[in-house]
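Participant: Pasting query09.txt below, which is compact mmCIF, C-alpha atoms.
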```txt
# COMPACT_ATOMS: atom_id res chain seq x y z
CA MET A 1 66.41 60.74 43.24
CA LYS A 2 64.14 58.38 45.10
CA LYS A 3 61.33 60.88 44.80
CA LEU A 4 61.88 61.15 41.02
CA ALA A 5 61.83 57.37 40.68
CA THR A 6 58.57 57.29 42.67
CA ILE A 7 57.01 59.92 40.41
CA LEU A 8 58.11 58.02 37.30
CA MET A 9 56.71 54.85 38.81
CA TYR A 10 53.35 56.52 39.44
CA CYS A 11 53.32 57.92 35.91
CA LEU A 12 54.03 54.49 34.48
CA VAL A 13 51.29 52.92 36.56
CA ILE A 14 48.81 55.60 35.50
CA LEU A 15 49.79 55.14 31.86
CA VAL A 16 49.35 51.38 32.04
CA VAL A 17 45.95 51.83 33.67
CA VAL A 18 44.93 54.39 31.06
CA VAL A 19 45.93 52.02 28.24
CA VAL A 20 44.35 48.95 29.79
CA LEU A 21 41.07 50.68 30.59
CA SER A 22 40.82 52.65 27.35
CA PRO A 23 37.80 51.90 25.16
CA LYS A 24 40.02 50.83 22.29
CA ARG A 25 37.18 49.87 19.99
CA TYR A 26 35.52 53.26 20.38
CA LEU A 27 38.85 55.00 19.79
CA TYR A 28 39.28 52.88 16.66
CA ASN A 29 35.78 53.91 15.52
CA PHE A 30 36.79 57.53 16.08
CA VAL A 31 39.90 57.09 13.91
CA GLN A 32 37.71 55.51 11.22
CA HIS A 33 35.47 58.57 11.23
CA VAL A 34 38.54 60.77 10.82
CA ILE A 35 40.10 58.84 7.94
CA VAL A 36 36.81 58.50 6.07
CA GLN A 37 37.09 62.23 5.43
CA GLU A 38 40.18 61.40 3.44
CA ASN A 39 38.14 58.80 1.52
CA ILE A 40 39.76 55.84 3.26
CA ILE A 41 37.50 53.13 4.67
CA LEU A 42 38.40 49.95 6.48
CA SER A 43 35.39 47.77 6.02
CA HIS A 44 33.96 44.43 7.16
CA GLU A 45 36.77 43.97 9.64
CA LEU A 46 36.69 42.05 12.91
CA THR A 47 37.95 43.79 16.02
CA LYS A 48 39.14 42.22 19.21
CA ASP A 49 39.99 44.13 22.37
CA GLN A 50 43.23 42.93 23.94
CA LEU A 51 44.71 44.03 27.23
CA ILE A 52 47.01 46.68 25.78
CA SER A 53 46.13 46.59 22.10
CA LEU A 54 43.32 46.29 19.61
CA GLU A 55 43.48 43.55 17.03
CA VAL A 56 41.77 44.15 13.70
CA SER A 57 41.54 41.37 11.16
CA HIS A 58 40.21 40.75 7.65
CA ALA A 59 39.69 44.38 6.72
CA ASP A 60 38.79 45.43 3.19
CA ILE A 61 40.48 48.71 2.38
CA TYR A 62 38.70 51.21 0.18
CA VAL A 63 40.36 54.36 -1.09
CA LYS A 64 38.07 56.77 -2.92
CA ASP A 65 35.36 54.10 -3.22
CA ILE A 66 37.76 51.68 -4.84
CA LEU A 67 38.55 48.40 -3.12
CA ILE A 68 42.32 48.48 -3.25
CA GLY A 69 42.97 45.38 -1.20
CA ALA A 70 42.46 43.28 1.88
CA LEU A 71 44.44 43.39 5.07
CA ASN A 72 44.84 40.20 7.01
CA LYS A 73 45.77 41.57 10.40
CA MET A 74 46.37 44.92 12.04
CA THR A 75 47.39 45.53 15.64
CA VAL A 76 46.94 48.94 17.21
CA TYR A 77 48.96 49.85 20.29
CA PRO A 78 47.47 53.05 21.75
CA PHE A 79 50.16 53.85 24.29
CA MET A 80 49.24 57.57 24.25
CA ILE A 81 52.82 58.86 24.52
CA PHE A 82 53.69 56.75 21.55
CA ASN A 83 51.30 54.84 19.33
CA GLN A 84 52.00 52.10 16.92
CA VAL A 85 50.01 50.32 14.23
CA THR A 86 51.37 47.13 12.73
CA CYS A 87 49.74 45.73 9.59
CA GLU A 88 50.49 42.28 8.24
CA GLY A 89 49.45 40.56 5.05
CA PHE A 90 48.07 43.07 2.58
CA ALA A 91 47.11 41.89 -0.89
CA SER A 92 45.83 44.20 -3.61
CA SER A 93 42.37 43.51 -4.96
CA LYS A 94 41.20 42.30 -8.35
CA GLU A 95 39.52 45.65 -8.81
CA ILE A 96 42.87 47.33 -9.34
CA GLU A 97 44.22 44.48 -11.42
CA GLY A 98 45.93 46.01 -14.40
CA LEU A 99 47.03 48.91 -12.29
CA PHE A 100 49.76 48.52 -9.72
CA SER A 101 49.30 45.22 -7.91
CA THR A 102 51.33 44.25 -4.89
CA SER A 103 51.36 42.29 -1.70
CA ILE A 104 52.78 43.83 1.43
CA ASP A 105 54.17 41.66 4.17
CA LYS A 106 54.36 44.25 6.88
CA VAL A 107 53.67 47.94 7.44
CA SER A 108 54.47 49.77 10.67
CA LEU A 109 53.15 53.21 11.51
CA PHE A 110 54.69 54.93 14.49
CA HIS A 111 53.67 58.16 16.20
CA TRP A 112 54.95 59.81 19.35
CA ILE A 113 54.05 63.06 21.03
CA GLY A 114 57.55 64.50 20.52
CA GLN A 115 56.65 64.90 16.81
CA PRO A 116 52.89 65.32 16.98
CA TYR A 117 52.37 66.01 13.27
CA GLN A 118 54.50 63.22 11.92
CA ILE A 119 53.74 59.52 11.52
CA ALA A 120 56.69 57.37 10.56
CA ILE A 121 56.11 54.54 8.08
CA LYS A 122 58.11 51.44 7.37
CA ALA A 123 56.94 48.79 4.92
CA GLN A 124 58.20 45.73 3.18
CA GLY A 125 56.64 43.60 0.51
CA ASP A 126 57.09 42.28 -2.98
CA PHE A 127 57.52 45.90 -4.14
CA GLY A 128 60.70 46.21 -2.05
CA LEU A 129 61.25 48.30 1.06
CA ALA A 130 59.73 51.66 1.93
CA ASP A 131 60.63 54.12 4.62
CA GLY A 132 59.15 57.54 5.17
CA PHE A 133 56.51 59.58 6.94
CA ILE A 134 53.11 61.21 6.75
CA HIS A 135 53.05 64.87 7.76
CA VAL A 136 49.54 65.41 9.10
CA ARG A 137 49.68 69.22 9.26
CA ASP A 138 51.22 69.70 5.81
CA ARG A 139 49.06 66.86 4.47
CA LYS A 140 52.00 65.24 2.73
CA ILE A 141 53.27 61.71 2.35
CA TYR A 142 56.92 61.09 1.65
CA LEU A 143 58.38 57.64 1.03
CA LYS A 144 61.80 56.45 0.02
CA ILE A 145 61.49 53.13 -1.79
CA VAL A 146 64.18 50.56 -2.39
CA PRO A 147 62.51 48.83 -5.32
CA SER A 148 62.23 45.17 -6.18
CA GLU A 149 62.20 43.92 -9.78
CA LYS A 150 58.40 43.65 -9.59
CA PHE A 151 58.15 47.29 -8.61
CA ILE A 152 60.38 48.39 -11.49
CA ALA A 153 58.34 46.26 -13.91
CA GLN A 154 55.17 48.07 -12.88
CA ILE A 155 56.58 51.57 -12.54
CA ASN A 156 54.83 52.75 -15.72
CA LYS A 157 51.47 52.06 -14.06
CA LEU A 158 52.13 54.60 -11.35
CA ASP A 159 51.68 58.31 -11.65
CA ASN A 160 54.34 61.01 -11.60
CA SER A 161 54.39 61.11 -7.79
CA ILE A 162 57.01 58.36 -8.00
CA LYS A 163 60.39 59.62 -9.08
CA LYS A 164 63.67 57.86 -9.55
CA SER A 165 66.51 59.21 -7.46
CA GLU A 166 70.23 58.78 -7.52
CA GLY A 167 71.38 55.61 -5.82
CA GLY A 168 68.77 53.34 -7.39
CA PHE A 169 65.91 54.15 -5.06
CA TYR A 170 62.62 55.87 -5.77
CA THR A 171 60.85 58.64 -3.91
CA TYR A 172 57.13 59.04 -3.57
CA GLU A 173 55.71 62.42 -2.64
CA TYR A 174 52.01 63.02 -2.48
CA SER A 175 49.94 65.89 -1.15
CA TYR A 176 46.42 65.03 -0.12
CA MET B 1 56.83 47.22 62.27
CA ASN B 2 54.63 44.69 60.44
CA ILE B 3 51.61 46.83 61.11
CA ALA B 4 53.42 49.83 59.58
CA ILE B 5 54.31 47.85 56.39
CA LYS B 6 50.73 46.56 56.12
CA GLN B 7 49.45 50.12 56.58
CA ASN B 8 51.75 51.35 53.77
CA GLY B 9 50.58 48.50 51.51
CA VAL B 10 46.94 49.30 52.13
CA ASN B 11 47.61 52.98 51.44
CA LEU B 12 49.36 52.15 48.16
CA PHE B 13 46.55 49.80 47.15
CA LEU B 14 43.98 52.45 47.96
CA LYS B 15 45.87 55.08 45.98
CA ILE B 16 46.08 52.77 42.93
CA ALA B 17 42.42 51.82 43.30
CA ILE B 18 41.45 55.49 43.39
CA VAL B 19 43.56 56.18 40.28
CA VAL B 20 41.97 53.20 38.49
CA VAL B 21 38.46 54.34 39.39
CA ILE B 22 39.14 57.95 38.31
CA ILE B 23 40.63 56.83 35.00
CA LYS B 24 37.76 54.41 34.41
CA ILE B 25 35.22 57.14 35.09
CA ALA B 26 37.13 59.47 32.76
CA TRP B 27 37.10 56.87 29.98
CA ILE B 28 33.40 56.16 30.51
CA ALA B 29 32.72 59.87 30.21
CA ALA B 30 34.90 60.08 27.08
CA SER B 31 33.06 57.10 25.58
CA PHE B 32 29.88 59.17 25.40
CA PHE B 33 31.64 61.40 22.88
CA LEU B 34 33.23 58.60 20.86
CA PRO B 35 31.38 56.89 17.99
CA LYS B 36 29.83 53.58 18.99
CA ASN B 37 30.07 52.16 15.48
CA GLY B 38 32.76 52.07 12.85
CA ILE B 39 32.26 52.67 9.16
CA ASP B 40 31.58 49.96 6.64
CA LYS B 41 31.51 50.32 2.92
CA ILE B 42 28.09 49.59 1.51
CA SER B 43 28.64 47.87 -1.79
CA PHE B 44 26.18 48.13 -4.59
CA GLU B 45 26.37 46.54 -7.98
CA THR B 46 26.99 49.00 -10.78
CA LYS B 47 26.53 47.43 -14.11
CA ASN B 48 29.21 48.29 -16.58
CA PHE B 49 27.65 49.48 -19.82
CA TYR B 50 30.84 50.60 -21.47
CA ASP B 51 31.21 47.53 -23.63
CA LYS B 52 27.55 47.60 -24.66
CA TYR B 53 27.31 51.15 -25.86
CA ARG B 54 27.28 51.65 -29.61
CA VAL B 55 27.52 55.09 -31.15
CA SER B 56 25.65 53.76 -34.19
CA LYS B 57 22.66 53.02 -31.94
CA ALA B 58 22.78 56.56 -30.62
CA PHE B 59 22.56 57.80 -34.22
CA GLY B 60 19.40 55.79 -34.76
CA LEU B 61 20.92 54.29 -37.86
CA ILE B 62 20.46 50.67 -36.95
CA GLY B 63 17.34 48.61 -37.01
CA SER B 64 15.29 50.31 -39.71
CA ALA B 65 15.88 48.68 -43.07
CA VAL B 66 18.54 46.18 -42.22
CA ASP B 67 18.02 42.47 -42.42
CA VAL B 68 19.58 41.20 -39.22
CA SER B 69 20.57 37.93 -40.80
CA LEU B 70 22.57 39.81 -43.39
CA SER B 71 24.39 42.02 -40.92
CA SER B 72 25.64 39.04 -39.00
CA ASP B 73 29.33 39.07 -38.17
CA SER B 74 29.56 35.46 -39.25
CA LEU B 75 29.23 36.35 -42.92
CA PRO B 76 32.37 35.84 -44.99
CA ILE B 77 34.21 39.05 -45.95
CA TYR B 78 35.72 39.55 -49.38
CA LYS B 79 37.75 42.43 -50.80
CA LEU B 80 36.19 44.51 -53.55
CA ASP B 81 38.75 45.27 -56.22
CA ASN B 82 36.55 47.00 -58.76
CA MET B 83 35.86 50.02 -56.52
CA LYS B 84 38.19 52.31 -54.61
CA LEU B 85 37.23 54.08 -51.39
CA GLN B 86 38.23 57.70 -51.64
CA GLY B 87 36.58 59.28 -48.63
CA VAL B 88 34.51 58.59 -45.55
CA TYR B 89 32.14 60.91 -43.73
CA ILE B 90 30.49 59.89 -40.47
CA SER B 91 28.20 62.15 -38.52
CA LYS B 92 25.20 61.82 -36.25
CA GLU B 93 22.75 62.47 -39.02
CA GLN B 94 24.22 60.35 -41.75
CA SER B 95 27.25 58.54 -42.97
CA PHE B 96 28.39 58.24 -46.53
CA ILE B 97 31.39 57.34 -48.60
CA ALA B 98 32.97 58.49 -51.82
CA VAL B 99 33.74 55.61 -54.15
CA ARG B 100 35.80 55.68 -57.31
CA ASP B 101 34.17 53.38 -59.84
CA GLY B 102 36.10 53.41 -63.07
CA GLU B 103 36.25 57.02 -64.23
CA SER B 104 33.45 58.38 -62.05
CA THR B 105 33.19 59.05 -58.33
CA GLU B 106 29.94 58.16 -56.59
CA ILE B 107 28.67 59.29 -53.20
CA ILE B 108 26.83 56.46 -51.42
CA SER B 109 24.88 56.86 -48.18
CA LYS B 110 24.70 54.19 -45.56
CA LYS B 111 21.99 51.59 -46.34
CA GLU B 112 21.94 52.70 -49.97
CA VAL B 113 22.30 50.08 -52.66
CA PHE B 114 24.95 50.67 -55.30
CA LYS B 115 25.31 48.22 -58.17
CA GLY B 116 23.57 45.57 -56.11
CA TYR B 117 25.80 46.12 -53.07
CA LEU B 118 24.10 47.34 -49.88
CA LEU B 119 26.35 49.76 -47.95
CA ASP B 120 26.08 48.17 -44.52
CA GLU B 121 28.77 49.81 -42.41
CA VAL B 122 30.83 52.95 -42.67
CA LEU B 123 33.94 52.77 -40.55
CA PRO B 124 36.80 55.26 -40.15
CA LEU B 125 39.04 53.46 -42.59
CA LYS B 126 36.76 51.18 -44.55
CA ALA B 127 33.25 50.49 -45.74
CA ILE B 128 31.39 47.20 -45.68
CA PHE B 129 28.88 46.17 -48.35
CA ILE B 130 26.55 43.18 -48.35
CA LYS B 131 25.52 41.28 -51.43
CA ASP B 132 24.05 37.79 -51.80
CA GLY B 133 24.77 36.83 -48.17
CA ALA B 134 28.42 37.82 -48.26
CA LYS B 135 30.28 40.88 -47.02
CA TYR B 136 32.57 42.94 -49.18
CA GLU B 137 34.92 45.60 -47.90
CA ILE B 138 36.85 48.40 -49.47
CA SER B 139 39.51 50.31 -47.55
CA LEU B 140 40.93 53.78 -47.64
CA GLU B 141 44.40 53.98 -49.03
CA GLU B 142 45.56 56.65 -46.58
CA GLU B 143 47.66 55.76 -43.59
CA PRO B 144 45.55 55.15 -40.48
CA ALA B 145 47.33 57.84 -38.48
CA LYS B 146 46.08 60.56 -40.83
CA GLN B 147 42.44 59.68 -40.39
CA PRO B 148 41.81 61.09 -36.90
CA ALA B 149 43.25 64.44 -37.95
CA LYS B 150 40.65 64.65 -40.72
CA ALA B 151 37.89 64.06 -38.24
CA ASP B 152 39.26 66.65 -35.87
CA VAL B 153 38.64 69.54 -38.20
CA MET B 154 34.94 68.75 -38.41
CA GLY B 155 32.43 70.32 -36.04
CA ASP B 156 31.57 69.22 -32.53
CA ASP B 157 28.73 67.05 -33.74
CA VAL B 158 30.95 64.56 -35.51
CA VAL B 159 32.35 61.33 -34.27
CA ARG B 160 36.06 61.60 -33.67
CA PHE B 161 38.41 58.72 -34.23
CA VAL B 162 41.01 57.35 -31.91
CA SER B 163 43.08 54.32 -32.76
CA LYS B 164 43.45 51.46 -30.32
CA PRO B 165 47.27 51.69 -30.44
CA GLN B 166 46.99 55.31 -29.29
CA ILE B 167 44.81 54.23 -26.39
CA GLN B 168 47.17 51.38 -25.53
CA LYS B 169 50.09 53.79 -25.48
CA TYR B 170 48.39 55.48 -22.54
CA THR B 171 47.07 52.41 -20.74
CA GLN B 172 50.42 50.68 -20.89
CA ASP B 173 52.23 53.66 -19.45
CA VAL B 174 49.96 55.76 -17.26
CA ARG B 175 52.66 58.43 -16.99
CA ASN B 176 51.99 59.40 -20.61
CA ILE B 177 48.48 60.44 -19.58
CA TRP B 178 49.71 62.89 -16.97
CA LYS B 179 52.26 64.34 -19.39
CA SER B 180 49.39 65.25 -21.71
CA ILE B 181 46.54 66.17 -19.41
CA SER B 182 45.97 67.19 -15.79
CA ILE B 183 42.62 66.75 -14.12
CA ASP B 184 41.37 67.61 -10.67
CA GLU B 185 38.47 65.90 -9.00
CA LEU B 186 35.52 68.17 -8.38
CA VAL B 187 33.90 67.31 -5.07
CA GLU B 188 30.96 69.33 -3.76
CA GLN B 189 29.41 68.63 -0.36
CA GLY B 190 31.36 65.39 -0.17
CA LYS B 191 29.94 64.18 -3.47
CA LEU B 192 31.97 63.57 -6.60
CA GLU B 193 30.67 65.89 -9.31
CA GLY B 194 33.22 65.22 -12.02
CA PHE B 195 36.78 65.85 -13.12
CA ARG B 196 37.96 69.29 -14.16
CA VAL B 197 40.58 69.56 -16.91
CA THR B 198 43.26 71.86 -15.53
CA LYS B 199 45.95 71.44 -18.17
CA ILE B 200 46.01 69.90 -21.61
CA ASP B 201 48.75 69.60 -24.19
CA PRO B 202 47.11 70.68 -27.48
CA SER B 203 49.55 68.60 -29.52
CA SER B 204 48.71 65.41 -27.63
CA VAL B 205 45.90 63.00 -28.42
CA PHE B 206 43.96 64.50 -25.52
CA GLY B 207 44.29 67.92 -27.10
CA LYS B 208 42.82 66.59 -30.33
CA LEU B 209 39.96 64.88 -28.56
CA GLY B 210 38.15 68.17 -28.25
CA LEU B 211 38.56 68.74 -24.53
CA GLN B 212 39.57 72.16 -23.23
CA VAL B 213 40.96 73.54 -19.98
CA GLY B 214 38.05 74.18 -17.64
CA ASP B 215 35.85 71.37 -18.97
CA VAL B 216 34.36 69.21 -16.24
CA ILE B 217 33.99 65.61 -17.36
CA VAL B 218 30.88 64.25 -15.65
CA GLY B 219 30.26 60.92 -17.33
CA ALA B 220 30.90 58.50 -20.13
CA ASN B 221 28.64 56.42 -22.34
CA ASN B 222 25.43 57.74 -20.80
CA LYS B 223 26.61 56.92 -17.29
CA ARG B 224 27.38 59.57 -14.70
CA PHE B 225 30.56 59.34 -12.69
CA VAL B 226 29.15 58.99 -9.19
CA SER B 227 32.19 57.28 -7.76
CA TYR B 228 35.83 56.76 -8.55
CA SER B 229 35.01 53.12 -9.30
CA ASP B 230 33.08 54.26 -12.36
CA VAL B 231 36.22 55.90 -13.70
CA LEU B 232 38.34 52.87 -12.85
CA ASN B 233 35.85 50.60 -14.66
CA LEU B 234 36.05 52.81 -17.73
CA TYR B 235 39.84 52.73 -17.58
CA LYS B 236 39.81 48.92 -17.30
CA GLU B 237 37.41 48.55 -20.23
CA ILE B 238 38.91 51.17 -22.50
CA ASN B 239 40.92 48.62 -24.50
CA ASN B 240 37.78 46.59 -25.22
CA ILE B 241 35.30 49.25 -26.21
CA ASP B 242 34.71 50.53 -29.72
CA ASN B 243 32.74 53.64 -28.93
CA LEU B 244 33.05 56.24 -26.25
CA LYS B 245 30.83 59.19 -25.49
CA LEU B 246 32.19 61.72 -22.98
CA THR B 247 29.75 64.00 -21.23
CA PHE B 248 31.21 67.23 -19.90
CA ILE B 249 30.23 70.68 -18.77
CA ARG B 250 31.66 73.68 -20.61
CA ASP B 251 30.49 77.24 -19.97
CA LYS B 252 27.73 75.89 -17.69
CA GLN B 253 26.33 73.85 -20.55
CA GLU B 254 26.39 70.09 -20.79
CA LYS B 255 28.04 68.85 -23.96
CA GLU B 256 29.07 65.55 -25.44
CA LEU B 257 31.98 64.31 -27.47
CA GLU B 258 31.82 61.00 -29.28
CA TYR B 259 34.65 58.80 -30.34
CA GLU B 260 35.04 55.70 -32.42
CA ILE B 261 37.94 53.60 -31.23
CA TYR B 262 39.25 51.61 -34.17
```
Once more with this new file: its structure as structure tokens, please.

Facilitator:
Amino acid sequence: MKKLATILMYCLVILVVVVVLSPKRYLYNFVQHVIVQENIILSHELTKDQLISLEVSHADIYVKDILIGALNKMTVYPFMIFNQVTCEGFASSKEIEGLFSTSIDKVSLFHWIGQPYQIAIKAQGDFGLADGFIHVRDRKIYLKIVPSEKFIAQINKLDNSIKKSEGGFYTYEYSY
Amino acid sequence: MNIAIKQNGVNLFLKIAIVVVIIKIAWIAASFFLPKNGIDKISFETKNFYDKYRVSKAFGLIGSAVDVSLSSDSLPIYKLDNMKLQGVYISKEQSFIAVRDGESTEIISKKEVFKGYLLDEVLPLKAIFIKDGAKYEISLEEEPAKQPAKADVMGDDVVRFVSKPQIQKYTQDVRNIWKSISIDELVEQGKLEGFRVTKIDPSSVFGKLGLQVGDVIVGANNKRFVSYSDVLNLYKEINNIDNLKLTFIRDKQEKELEYEIY
């Protein structure tokens, strides 16, 4: 038992050292190069290396060349066994005014090695609440949305990927 | 005893130091394979020409024999009661109207003078004359909804008509678009080449616009779609524009369809 505790202790120490010494900015750059292939760009952002996290602020988010909004703050926790990204303060841009406009208070993305192909998502904003996942291998996004009145008022500006389900919530399924 | 504890502490410190050094070296090595810079979007100004394009200019029908001062929008418009508009024909080459004047029907071309009235504009549902510094209009008696169908049966070289309410029906509820038409983006070597029509409901407005399954829409109003922003700009301006020219590829040939939005 004591030996097991010692091994766990060593593992924890190694993990902490790995996280603390990791070149978080370079890893973030690597992720940017991956997501740009899906036509997503985080631009003009400021990055700040913290001890166990990377703080990204004032990022403009482009999807398929279109500025969809600005993100005030994003914190990336690259804990290797589990990774978390927390985004705060997203506001949609004027460019998509007339389409669906929203502000999102908080989005959390969570990934752990037990489910390597799945990234859990939780979000809340003036659209309501969303809970779901991205399946990286199947290239699918699934969200269950508890809508706000603002969301329902703008539902006709969204495509058929959003469907109303029984129980008053909406589902969003998208293959990319 | 103390010496033994100190020895253990030193050993532990050394072990941790070795782990730290190994991990640091590993990360430094990994850094050589990681990108040093992120990706920023390079913005460039794309001027939106959608609201400036006029199909009439493309026909070359403006600017020859027209007194600019007379064609001013500020001129007062009166109704002409002594003539009845019976038909309208608009094409690239020429536009003319059929007018019932008493017992006889006259065909008048654009810019032709009839009984002292200069035929200034031929629109889908009406014609505008100018006489003595004032504008006079006569309107078709048919219901507006019937007019586009008339245009649809003409050849590909004609201007087709789409009413603004029809457009608004789609812009106000985007879901109506996807019920009528499906398009897939066509990306080659990472570059947007256009949008391929994969499904179209022939009974919908889109079906009557002249598009067919397999067409690849590559631009609008003399502007190529080089980014998704171009399409978004067109979508945002669609309620404000009067003329639209779609450029598309069908059977490996580039073709155009022109629309008057009235």

Participant: Within 7 Å of chain B, which residues belong to chain A? Use all atoms listed in the file and report them as a list in words.

Facilitator: Val17, Val18, Leu21, Ser22, Pro23, Tyr26, Leu27, Asn29, Phe30, Gln32, Ile41, Leu42, Ser43, His44, Lys64, Asp65, Ile66, Asn156, Lys157, Leu158, Asp159 and Asn160 of chain A

Participant: Could you jot down the atom CA of Pro78 of chain A to atom CA of Gln124 of chain A separation for me, Å, one decimal place?

Facilitator: 22.7 Å

Participant: For a test of reading the model, state the distance in Å between atom CA of Val136 of chain A and atom CA of Tyr117 of chain A, rounded to one decimal.

Facilitator: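 Computing the Euclidean distance for atom CA of Val136 of chain A and atom CA of Tyr117 of chain A yields 5.1 Å.
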
Participant: Just to confirm, what's the straight-line distance from atom CA of Lys223 of chain B to atom CA of Tyr262 of chain B in Å (one decimal)?

Facilitator: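 Separating atom CA of Lys223 of chain B from atom CA of Tyr262 of chain B is a distance of 21.7 Å.
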
Participant: Could you check which of B:Glu188, B:Asp201, B:Glu121, B:Glu256 is closest to Val88 of chain B, using all atoms listed in the file?

Facilitator: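 Closest to Val88 of chain B of all the choices is B:Glu121.
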
Participant: Find, counting all atoms listed in the file, the residue in B:Leu80, B:Ile18, B:Leu123, B:Val113 that gets nearest to Ser95 of chain B.

Facilitator: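 Of all the options, B:Leu123 lies closest to Ser95 of chain B.
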
Participant: Identify which of the residues B:Pro165, B:Gly219, B:Pro76, B:Gly210 lies closest to Asn240 of chain B, counting all atoms listed in the file when measuring atom-to-atom distances.

Facilitator: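 The shortest atom-to-atom distance to Asn240 of chain B comes from B:Pro165.
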
Participant: Within 10 Å of (55.0, 54.3, 23.7) in the file's own coordinates, which protein, DNA or RNA residues have an atom, counting all atoms listed in the file? List them as a PDB file with C-alpha atoms, in the coordinates of the input.

Facilitator:
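The file below, point-v7.pdb, is the result:
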```pdb
ATOM      1  CA  LEU A  15      49.790  55.140  31.860  1.00  0.00           C
ATOM      2  CA  TYR A  77      48.960  49.850  20.290  1.00  0.00           C
ATOM      3  CA  PRO A  78      47.470  53.050  21.750  1.00  0.00           C
ATOM      4  CA  PHE A  79      50.160  53.850  24.290  1.00  0.00           C
ATOM      5  CA  MET A  80      49.240  57.570  24.250  1.00  0.00           C
ATOM      6  CA  ILE A  81      52.820  58.860  24.520  1.00  0.00           C
ATOM      7  CA  PHE A  82      53.690  56.750  21.550  1.00  0.00           C
ATOM      8  CA  ASN A  83      51.300  54.840  19.330  1.00  0.00           C
ATOM      9  CA  GLN A  84      52.000  52.100  16.920  1.00  0.00           C
ATOM     10  CA  PHE A 110      54.690  54.930  14.490  1.00  0.00           C
ATOM     11  CA  HIS A 111      53.670  58.160  16.200  1.00  0.00           C
ATOM     12  CA  TRP A 112      54.950  59.810  19.350  1.00  0.00           C
ATOM     13  CA  ILE A 113      54.050  63.060  21.030  1.00  0.00           C
TER      14      ILE A 113
END
```

Participant: Residues within 7 Å of (34.0, 49.6, -30.2), file coordinates, counting all atoms listed in the file: what are they? Give the list as an MDAnalysis selection string.

Facilitator: chainID B and resid 240:243 260:262

Participant: What does the file look like for those residues with C-alpha atoms, as a PDB file, in the coordinates of the input?

Facilitator:
```
ATOM      1  CA  ASN B 240      37.780  46.590 -25.220  1.00  0.00           C
ATOM      2  CA  ILE B 241      35.300  49.250 -26.210  1.00  0.00           C
ATOM      3  CA  ASP B 242      34.710  50.530 -29.720  1.00  0.00           C
ATOM      4  CA  ASN B 243      32.740  53.640 -28.930  1.00  0.00           C
ATOM      5  CA  GLU B 260      35.040  55.700 -32.420  1.00  0.00           C
ATOM      6  CA  ILE B 261      37.940  53.600 -31.230  1.00  0.00           C
ATOM      7  CA  TYR B 262      39.250  51.610 -34.170  1.00  0.00           C
TER       8      TYR B 262
END
```

Participant: Give me the residues within 6 Å of Glu88 of chain A as a list of chain:residue names, counting all atoms listed in the file and dropping any in the same chain fewer than 6 places off.

Facilitator: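 These residues fall inside the cut-off: A:Lys73, A:Asp105, A:Lys106.
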